[in-house]
file entry00.pdb (PDB, C-alpha atoms, pLDDT in the B column)
MODEL        1
ATOM      1  CA  MET G  54       0.000   0.000   0.000  1.00 75.00           C
ATOM      2  CA  ALA G  55       2.899   2.354   0.664  1.00 84.00           C
ATOM      3  CA  LEU G  56       4.055   2.009  -2.934  1.00 80.00           C
ATOM      4  CA  ALA G  57       0.569   2.923  -4.151  1.00 84.00           C
ATOM      5  CA  ALA G  58       0.552   6.001  -1.908  1.00 85.00           C
ATOM      6  CA  VAL G  59       3.939   7.099  -3.211  1.00 83.00           C
ATOM      7  CA  GLY G  60       2.792   6.532  -6.797  1.00 84.00           C
ATOM      8  CA  VAL G  61      -0.430   8.516  -6.406  1.00 86.00           C
ATOM      9  CA  THR G  62       1.383  11.320  -4.575  1.00 87.00           C
ATOM     10  CA  ALA G  63       4.042  11.509  -7.285  1.00 85.00           C
ATOM     11  CA  ALA G  64       1.361  11.518  -9.990  1.00 84.00           C
ATOM     12  CA  LEU G  65      -0.488  14.389  -8.317  1.00 85.00           C
ATOM     13  CA  CYS G  66       2.749  16.324  -7.886  1.00 86.00           C
ATOM     14  CA  GLY G  67       3.542  15.673 -11.539  1.00 83.00           C
ATOM     15  CA  VAL G  68       0.207  17.112 -12.633  1.00 83.00           C
ATOM     16  CA  VAL G  69       0.787  20.274 -10.595  1.00 88.00           C
ATOM     17  CA  VAL G  70       4.410  20.693 -11.717  1.00 87.00           C
ATOM     18  CA  ARG G  71       3.570  19.957 -15.392  1.00 86.00           C
ATOM     19  CA  GLN G  72       1.379  23.096 -15.512  1.00 88.00           C
ATOM     20  CA  LYS G  73       4.285  25.383 -14.594  1.00 88.00           C
ATOM     21  CA  ALA G  74       7.408  23.494 -15.726  1.00 86.00           C
ATOM     22  CA  PRO G  75       6.798  20.499 -18.012  1.00 82.00           C
ATOM     23  CA  GLU G  76      10.500  19.609 -18.168  1.00 80.00           C
ATOM     24  CA  LEU G  77      10.650  19.273 -14.387  1.00 87.00           C
ATOM     25  CA  ALA G  78       7.577  17.053 -14.442  1.00 83.00           C
ATOM     26  CA  ALA G  79       9.461  14.534 -16.577  1.00 81.00           C
ATOM     27  CA  VAL G  80      12.343  14.525 -14.091  1.00 87.00           C
ATOM     28  CA  LEU G  81       9.905  14.119 -11.189  1.00 87.00           C
ATOM     29  CA  THR G  82       8.220  11.210 -12.968  1.00 84.00           C
ATOM     30  CA  LEU G  83      11.560   9.548 -13.619  1.00 84.00           C
ATOM     31  CA  ALA G  84      12.624   9.988  -9.987  1.00 88.00           C
ATOM     32  CA  ALA G  85       9.334   8.536  -8.750  1.00 88.00           C
ATOM     33  CA  CYS G  86       9.689   5.540 -11.068  1.00 84.00           C
ATOM     34  CA  VAL G  87      13.236   4.887  -9.875  1.00 87.00           C
ATOM     35  CA  LEU G  88      12.112   5.135  -6.236  1.00 89.00           C
ATOM     36  CA  LEU G  89       9.191   2.779  -6.813  1.00 87.00           C
ATOM     37  CA  LEU G  90      11.315   0.305  -8.755  1.00 85.00           C
ATOM     38  CA  TRP G  91      14.036   0.376  -6.084  1.00 89.00           C
ATOM     39  CA  ASN G  92      11.460  -0.449  -3.423  1.00 89.00           C
ATOM     40  CA  THR G  93       9.954  -3.193  -5.590  1.00 87.00           C
ATOM     41  CA  LEU G  94      13.251  -5.042  -6.107  1.00 86.00           C
ATOM     42  CA  PRO G  95      12.999  -7.040  -2.853  1.00 89.00           C
ATOM     43  CA  LEU G  96       9.587  -8.309  -3.976  1.00 88.00           C
ATOM     44  CA  LEU G  97      10.979  -9.333  -7.328  1.00 83.00           C
ATOM     45  CA  GLU G  98      13.908 -11.104  -5.657  1.00 87.00           C
ATOM     46  CA  THR G  99      11.476 -13.053  -3.476  1.00 90.00           C
ATOM     47  CA  ILE G 100       9.475 -14.088  -6.530  1.00 86.00           C
ATOM     48  CA  ARG G 101      12.669 -15.197  -8.265  1.00 83.00           C
ATOM     49  CA  ASP G 102      13.728 -17.234  -5.227  1.00 87.00           C
ATOM     50  CA  VAL G 103      10.348 -18.989  -5.023  1.00 88.00           C
ATOM     51  CA  LEU G 104      10.436 -19.745  -8.748  1.00 83.00           C
ATOM     52  CA  MET G 105      13.927 -21.216  -8.360  1.00 83.00           C
ATOM     53  CA  GLU G 106      12.702 -23.405  -5.493  1.00 87.00           C
ATOM     54  CA  LEU G 107       9.782 -24.587  -7.605  1.00 84.00           C
ATOM     55  CA  ALA G 108      12.142 -25.313 -10.478  1.00 82.00           C
ATOM     56  CA  ASP G 109      14.306 -27.395  -8.125  1.00 84.00           C
ATOM     57  CA  LEU G 110      11.269 -29.325  -6.913  1.00 85.00           C
ATOM     58  CA  ALA G 111      10.202 -29.996 -10.497  1.00 81.00           C
ATOM     59  CA  GLU G 112      13.799 -30.832 -11.392  1.00 82.00           C
ATOM     60  CA  LEU G 113      13.890 -28.144 -14.060  1.00 78.00           C
ATOM     61  CA  SER G 114      17.227 -26.848 -15.221  1.00 77.00           C
ATOM     62  CA  PRO G 115      17.951 -23.173 -14.497  1.00 76.00           C
ATOM     63  CA  THR G 116      18.596 -22.804 -18.224  1.00 77.00           C
ATOM     64  CA  ILE G 117      14.876 -23.318 -18.747  1.00 78.00           C
ATOM     65  CA  LEU G 118      13.739 -20.828 -16.111  1.00 80.00           C
ATOM     66  CA  ARG G 119      16.310 -18.108 -16.863  1.00 83.00           C
ATOM     67  CA  PRO G 120      14.889 -17.061 -20.282  1.00 85.00           C
ATOM     68  CA  MET G 121      11.418 -16.769 -18.796  1.00 83.00           C
ATOM     69  CA  LEU G 122      12.617 -14.525 -15.970  1.00 84.00           C
ATOM     70  CA  GLN G 123      14.707 -12.429 -18.355  1.00 88.00           C
ATOM     71  CA  THR G 124      11.733 -11.988 -20.678  1.00 89.00           C
ATOM     72  CA  VAL G 125       9.537 -10.799 -17.821  1.00 87.00           C
ATOM     73  CA  GLY G 126      12.282  -8.393 -16.727  1.00 87.00           C
ATOM     74  CA  LEU G 127      12.592  -7.032 -20.247  1.00 91.00           C
ATOM     75  CA  ALA G 128       8.838  -6.526 -20.420  1.00 91.00           C
ATOM     76  CA  VAL G 129       8.831  -4.542 -17.174  1.00 88.00           C
ATOM     77  CA  VAL G 130      11.769  -2.339 -18.189  1.00 90.00           C
ATOM     78  CA  THR G 131      10.339  -1.796 -21.676  1.00 94.00           C
ATOM     79  CA  LYS G 132       6.923  -0.819 -20.320  1.00 93.00           C
ATOM     80  CA  LEU G 133       8.471   1.582 -17.810  1.00 87.00           C
ATOM     81  CA  ALA G 134      10.766   3.218 -20.362  1.00 90.00           C
ATOM     82  CA  SER G 135       8.069   3.572 -23.018  1.00 93.00           C
ATOM     83  CA  SER G 136       5.623   5.040 -20.501  1.00 89.00           C
ATOM     84  CA  LEU G 137       8.220   7.591 -19.394  1.00 85.00           C
ATOM     85  CA  CYS G 138       8.848   8.557 -23.013  1.00 88.00           C
ATOM     86  CA  ARG G 139       5.115   8.916 -23.671  1.00 89.00           C
ATOM     87  CA  ASP G 140       4.746  11.100 -20.570  1.00 82.00           C
ATOM     88  CA  ALA G 141       7.572  13.278 -21.869  1.00 80.00           C
ATOM     89  CA  GLY G 142       5.711  13.667 -25.164  1.00 83.00           C
ATOM     90  CA  GLU G 143       8.038  11.399 -27.146  1.00 88.00           C
ATOM     91  CA  GLY G 144       5.570   8.916 -28.593  1.00 90.00           C
ATOM     92  CA  SER G 145       7.827   7.869 -31.469  1.00 93.00           C
ATOM     93  CA  ILE G 146      10.677   6.982 -29.119  1.00 92.00           C
ATOM     94  CA  ALA G 147       8.209   5.077 -26.929  1.00 93.00           C
ATOM     95  CA  ALA G 148       7.007   3.098 -29.947  1.00 94.00           C
ATOM     96  CA  PHE G 149      10.577   2.249 -30.934  1.00 94.00           C
ATOM     97  CA  LEU G 150      11.353   1.140 -27.376  1.00 94.00           C
ATOM     98  CA  GLU G 151       8.374  -1.205 -27.459  1.00 95.00           C
ATOM     99  CA  ILE G 152       9.557  -2.718 -30.747  1.00 96.00           C
ATOM    100  CA  ALA G 153      13.119  -3.050 -29.462  1.00 95.00           C
ATOM    101  CA  GLY G 154      11.871  -4.579 -26.194  1.00 94.00           C
ATOM    102  CA  GLY G 155       9.784  -7.107 -28.100  1.00 93.00           C
ATOM    103  CA  ALA G 156      12.752  -8.046 -30.285  1.00 95.00           C
ATOM    104  CA  ALA G 157      14.978  -8.405 -27.213  1.00 94.00           C
ATOM    105  CA  ALA G 158      12.366 -10.594 -25.513  1.00 92.00           C
ATOM    106  CA  VAL G 159      12.197 -12.876 -28.550  1.00 92.00           C
ATOM    107  CA  LEU G 160      15.992 -13.059 -28.634  1.00 93.00           C
ATOM    108  CA  VAL G 161      16.151 -13.991 -24.948  1.00 92.00           C
ATOM    109  CA  ALA G 162      13.403 -16.599 -25.375  1.00 89.00           C
ATOM    110  CA  LEU G 163      15.010 -18.305 -28.399  1.00 91.00           C
ATOM    111  CA  PRO G 164      17.031 -20.807 -26.314  1.00 86.00           C
ATOM    112  CA  LEU G 165      13.807 -21.863 -24.581  1.00 85.00           C
ATOM    113  CA  LEU G 166      12.078 -22.275 -27.935  1.00 87.00           C
ATOM    114  CA  LYS G 167      15.009 -24.369 -29.137  1.00 88.00           C
ATOM    115  CA  MET G 168      14.743 -26.624 -26.063  1.00 84.00           C
ATOM    116  CA  VAL G 169      10.998 -27.097 -26.584  1.00 86.00           C
ATOM    117  CA  LEU G 170      11.527 -27.934 -30.249  1.00 90.00           C
ATOM    118  CA  GLN G 171      14.233 -30.477 -29.357  1.00 90.00           C
ATOM    119  CA  LEU G 172      11.899 -32.049 -26.809  1.00 85.00           C
ATOM    120  CA  VAL G 173       9.073 -32.327 -29.338  1.00 91.00           C
ATOM    121  CA  LEU G 174      11.406 -33.815 -31.964  1.00 91.00           C
ATOM    122  CA  ALA G 175      12.704 -36.336 -29.426  1.00 91.00           C
ATOM    123  CA  LEU G 176       9.123 -37.447 -28.700  1.00 89.00           C
ATOM    124  CA  LEU G 177       8.390 -38.041 -32.386  1.00 83.00           C
TER     125      LEU G 177
ENDMDL
END
call {"tool": "encode", "arguments": {"input": "entry00.pdb", "output": "structure tokens"}}
result
Amino acid sequence: MALAAVGVTAALCGVVVRQKAPELAAVLTLAACVLLLWNTLPLLETIRDVLMELADLAELSPTILRPMLQTVGLAVVTKLASSLCRDAGEGSIAAFLEIAGGAAAVLVALPLLKMVLQLVLALL
């Protein structure tokens, strides 16, 4: 709940500041996002640890889980960066970031796709 309060407070401050100094509003938004992300990292580490435990229980190799976690991380960073660019009025940069993030996610997931294909071919 504290993160939600910080987010709403920063958003309201951004609206007020944007009326007088739009360039400062972008800096305020960026600072709020960094603060929120920094405070979210322990949650993400806990999720990663639980997923690793589950992978151990299921006897899954870390090479299978790693691409999935990297893809989720890329999605989060891409969404954050593109939203910041849109807030700053740079829609074209935001669109490019989304395309680049999607391409990076596919690249990271290719080893997993290769493993799945090998598994299917071995079953045939």
call {"tool": "closest_residue", "arguments": {"input": "entry00.pdb", "among": "G:Val129, G:Leu107, G:Cys138, G:Ala58", "to": "Val80 (chain G)", "atoms": "only C-alpha atoms"}}
result
G:Cys138
call {"tool": "axis_aligned_box", "arguments": {"input": "entry00.pdb", "around": "region 125-134 of chain G", "padding_each_side": "8 Å", "output": "lines of an AutoDock Vina configuration file"}}
result
center_x = 9.8
center_y = -3.8
center_z = -19.2
size_x = 21.7
size_y = 30.0
size_z = 20.9
call {"tool": "closest_residue", "arguments": {"input": "entry00.pdb", "among": "G:Val87, G:Ala158, G:Leu165, G:Leu137", "to": "Thr116 (chain G)", "atoms": "only C-alpha atoms"}}
result
G:Leu165
call {"tool": "atom_distance", "arguments": {"input": "entry00.pdb", "atom1": "CA of Met54 (chain G)", "atom2": "CA of Leu127 (chain G)"}}
result
24.9 Å
call {"tool": "closest_residue", "arguments": {"input": "entry00.pdb", "among": "G:Val61, G:Ala147, G:Leu56, G:Ala141", "to": "Ala79 (chain G)", "atoms": "only C-alpha atoms"}}
result
G:Ala141
call {"tool": "closest_residue", "arguments": {"input": "entry00.pdb", "among": "G:Met121, G:Ala64, G:Ala74, G:Ala108", "to": "Val159 (chain G)", "atoms": "all atoms listed in the file"}}
result
G:Met121
call {"tool": "atom_distance", "arguments": {"input": "entry00.pdb", "atom1": "CA of Gly142 (chain G)", "atom2": "CA of Ala55 (chain G)"}}
result
28.3 Å
call {"tool": "residues_near_point", "arguments": {"input": "entry00.pdb", "point": "(13.4, -20.1, -21.4)", "cutoff": "8 Å", "atoms": "only C-alpha atoms", "output": "ChimeraX atom specification"}}
result
/G:116-122,161-166
call {"tool": "write_last_selection", "arguments": {"input": "entry00.pdb", "atoms": "C-alpha atoms", "output": "JSON list (two decimals), keeping the file's coordinate frame"}}
result
[["chain", "number", "residue", "atom", "x", "y", "z"],
["G", 116, "THR", "CA", 18.60, -22.80, -18.22],
["G", 117, "ILE", "CA", 14.88, -23.32, -18.75],
["G", 118, "LEU", "CA", 13.74, -20.83, -16.11],
["G", 119, "ARG", "CA", 16.31, -18.11, -16.86],
["G", 120, "PRO", "CA", 14.89, -17.06, -20.28],
["G", 121, "MET", "CA", 11.42, -16.77, -18.80],
["G", 122, "LEU", "CA", 12.62, -14.52, -15.97],
["G", 161, "VAL", "CA", 16.15, -13.99, -24.95],
["G", 162, "ALA", "CA", 13.40, -16.60, -25.38],
["G", 163, "LEU", "CA", 15.01, -18.30, -28.40],
["G", 164, "PRO", "CA", 17.03, -20.81, -26.31],
["G", 165, "LEU", "CA", 13.81, -21.86, -24.58],
["G", 166, "LEU", "CA", 12.08, -22.28, -27.94]]
call {"tool": "residues_around", "arguments": {"input": "entry00.pdb", "residues": "Ala84 (chain G)", "least_positions_apart": "6", "cutoff": "10 Å", "atoms": "all atoms listed in the file", "output": "list of chain:residue names"}}
result
G:Ala63, G:Ala78, G:Leu90
call {"tool": "write_last_selection", "arguments": {"input": "entry00.pdb", "atoms": "C-alpha atoms", "output": "CSV table (one decimal), in the coordinates of the input"}}
result
chain,number,residue,atom,x,y,z
G,63,ALA,CA,4.0,11.5,-7.3
G,78,ALA,CA,7.6,17.1,-14.4
G,90,LEU,CA,11.3,0.3,-8.8
call {"tool": "atom_distance", "arguments": {"input": "entry00.pdb", "atom1": "CA of Leu133 (chain G)", "atom2": "CA of Met105 (chain G)"}}
result
25.3 Å
call {"tool": "closest_residue", "arguments": {"input": "entry00.pdb", "among": "G:Gln123, G:Glu151, G:Asp140, G:Leu176", "to": "Gly67 (chain G)", "atoms": "all atoms listed in the file"}}
result
G:Asp140
